[in-house]
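This report refers to the structure that appears directly beneath it.
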Amino acid sequence: MAIKMATVVLDNGAGLAKVGYSTDKNPRLMPNCITKAKSVRTRTFIGDQIDDCKDLSGLFYLLPFQKGYLVNWETQRQIWDYMFGKDGLKVDLHDSNIIVTEPYFNFHSVQEAMDEIFFEEYQFNSVFRCNPSFLSQYKHCKEKDQKPLCSIVLDAGYSFTHIIPYCKGKKLAECTKRIDVGGKVMTNHLKEVISYRQLMVMDETYVLNQLKEDVCYVSQDFMKDMEIGRKKGKENTIARDYVLPDYTHIKRGYVKPLEETTGRAKDGEQIIRMNNERFTIPELLFHPSDVGIHEMGVAEAVVHTIQSLPEEMQPHMYNNVILTGGNCKMPGFYSRMERETRSMTPDEYDLCMKKPENPSTYAWEGGTMLAKDPQIKKMSVTREEYEENGHNICFEKFDV
Amino acid sequence: MAEKRESGRVKDLQQKRVLDDAARRRRQRKALEALESDNFQDDPHADLKMSKKAPKFEESMEAVQQQGSGTKRQRKSRSDHFKFRYKKSFAALLEEDQRFEKEGPSYLSAQIPASRFPERHFCAVCGFTSNYTCVQCGARYCCVRCLGTHQDTRCLKWTA
């Protein structure tokens with residue numbers, strides 16, 4: 001056995017997979033899907049191959065995940081093959097270890113299938129399976145001078161949002177909670193709203209997702225922004241014109257500067273006017289009931305989860321709230337989250353939130369740190385162990 | 001004589017169909033399901049027939065035949081095995097999970113309860129705050145103009 005074996009870290013998100021060697025500084029970001037373009041009929045695009053596609057209108061998606069859980073193995077296999085293959089990381093599979101993430105409350109048969117693929121098909125030397133929040137809290141603990149006893153991770157991803165409390169590095173599964181709002185719901189809702197009010201864009205998931213990322217923000221004072229949104233002309237500082245790409249002259253959609261925002265399109269342009277849509281879409285994270293999902297918003301849910309824990313844990317939890325997942329990138333998310341949580345937190349407790357620079361790759365970065373930890377050897381399952389004991393050893397060792 | 005004294009507006013109202021609670025909930029559920037879907041259009045490549053059996057220009061016929069008998073079948077059986085064993089929809093997985101693991105936290109128990117804050121209402125047409133409810137379908141609206149748009153475009157249009 002080689003002394004220093006390469007370790008692959010794969011944060012297998014339902015929307016975006018983050019993959020790289022533990023020695024890499026940044027992961028390779030790979031949309032976890034296979035796409036078919038209207039204009040290119042000779043091939044499909046696997047993962048980040050979509051960057052080669054010139055015309056991104058009307059993309060058709062094949063997603064391995066359904067409601068946040070892996071179900072389409074054919075699709076996932078193709079993406080993984082590409083990821084580890086010669087156009088990807090060029091992994092020497094036999095002599096590599098892998099740290100891979102999976103969703104919370106993952107189903108048994110999905111876990112079995114994952115083990116089978118990683119050990120029997122890819123034949124990795126060793127596998128460590130965990131939830132992304134485990135890696136996030138690991139990184140958080142390493143970064144702090146004084147190792148925190150407890151921490152609580154908010155993981156706002158593509159399919160849903162989870163809140164996971166940890167105590168001394170152990171997940172408290174019975175207190176883990178889920179909100180059924182994720183990036184997908186928001187993009188689909190935006191599509192629906194724009195299609196009804198302005199322009200039929202139901203087919204344009206890719207373009208509208210870009211639109212969401214470019215112009216949506218989390219409001220700091222929702223009702224005040226609503227008032228501003230009602231105003232006409234120059235007084236309305238919220239409305240923006242977004243020029244849609246036509247993929248001949250305009251390669252990518254963009255926001256017009258405020259001075260040129262008139263609500264009218266120039267020649268050859270097609271615009272979407274974003275007014276209250278800019279902040280009502282991300283508002284779903286804080287008020288899922290706005291679209292009829294009868295659940296708490298993220299801030300309320302964090303406080304609710306902490307309050308369901310034993311009282312001696314609570315001050316530690318409030319002191320170590322870690323915000324991760326792509327939705328945290330929304331401008332204004334951190335400050336709104338902090339303000340709203342503070343307002344519901346009992347005033348004798350301090351509230352301290354970890355706001356990573358890049359919340360979507362935070363877990364992956366934690367994975368690279370874990371790979372260097374000598375403990376990882378004990379935590380992961382080697383191929384020999386798997387061949388000896390089968391699935392059972394994986395269920396015993398992995399805390400998921 | 002009595003009928004003649006009746007107001008025209010009341011008559012009008014009686015003719016209008018009002019959706020009952022069950023129908024409204026069904027509509028709501030459908031809307032939520034739509035938020036989960038991956039694609040709204042059909043597969044653009046659906047009409048393509050990609051036949052792998054057709055020989056490519058660079059290959060000779062023998063090579064194709066050889067491939068057909070060897071590697072290809074192996075590959076097929078592998079994926080077949082996977083399809084057979086692990087191809088399950090989310091609903092099937094959830095059902096299976098419930099059957100085998102009765103106690104302990106699970107997907108279903110992890111759902112966060114409803115908020116203690118009251119629901120907010122927004123105009124189904126323009127998106128601003130709304131004060132009124134459409135009598136027929138229960139959608140919210142904010143002004144007469146939006147109500148007009150709503151009745152012309154959405155109200156009962158896709159259910160009736």
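Residues are named by chain letter and number: chains run A, B, ... in the order of the structure tokens, numbers start at 1 in each chain, and ligands are numbered from 1 in the order shown.
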Using only C-alpha atoms, which chain A residues lie at most 6 Å away from chain B, written as an MDAnalysis selection string?
chainID A and resid 38 105 174 177:179 185 188 203 294:296
DSSP on the backbone, alpha helix (DSSP H) only: what residues of region 30-108 of chain A does that give? Format it as a PyMOL selection string.
chain A and resi 73-84+108
Based on the selection just made, write C-alpha atoms of those residues as a CSV table (one decimal), in the first residue's frame.
```csv
chain,number,residue,atom,x,y,z
A,73,TRP,CA,-28.6,5.6,-11.2
A,74,GLU,CA,-28.0,5.4,-14.9
A,75,THR,CA,-27.7,9.2,-15.0
A,76,GLN,CA,-25.6,9.4,-11.9
A,77,ARG,CA,-23.2,6.7,-13.2
A,78,GLN,CA,-22.6,8.6,-16.4
A,79,ILE,CA,-21.8,11.8,-14.5
A,80,TRP,CA,-19.5,10.0,-12.0
A,81,ASP,CA,-17.8,8.1,-14.9
A,82,TYR,CA,-17.1,11.5,-16.5
A,83,MET,CA,-16.0,13.0,-13.2
A,84,PHE,CA,-13.4,10.4,-12.4
A,108,HIS,CA,-31.0,2.1,3.0
```
For Ala156 (chain A), which of A:Pro282, A:Gly183, A:Gly292, A:Pro315 is the closest residue, counting only C-alpha atoms?
A:Gly183
Suppose you want the space between CA of Thr149 (chain B) and CA of Val215 (chain A); what is it in Å?
26.7 Å
For a test of reading the model, state the distance in Å between CA of Ala299 (chain A) and CA of Glu338 (chain A), rounded to one decimal.
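Answer for the CA of Ala299 (chain A) to CA of Glu338 (chain A) separation: 8.1 Å.
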Do you know which residues are at most 9 Å from Leu211 (chain A) counting only C-alpha atoms, after dropping those on the same chain fewer than 2 positions away, and could you put them as a list of chain:residue names?
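Counting only the stated atoms, we get A:Tyr206, A:Val207, A:Leu208, A:Asn209, A:Glu213, A:Asp214, A:Val215, A:Cys216, A:Tyr242, A:Leu244, A:Gly253, A:Tyr254, A:Val255.
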I'd like the interatomic distance between CA of Lys372 (chain A) and CA of Val91 (chain A), to a tenth of an Å.
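If I compute the distance from CA of Lys372 (chain A) to CA of Val91 (chain A), I get 18.2 Å.
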For the structure I just gave you, how does DSSP split region 126-339 of chain A - specifically, which residues are strand (DSSP E)? Reply as a PyMOL selection string.
chain A and resi 126-130+150-156+161-167+170-171+177-179+240-243+254-255+271-274+321-324
Nearest to Ala239 (chain A), restricted to only C-alpha atoms and choosing among A:Arg28, A:Arg273, A:His304, A:Lys212, comes out as A:Arg273
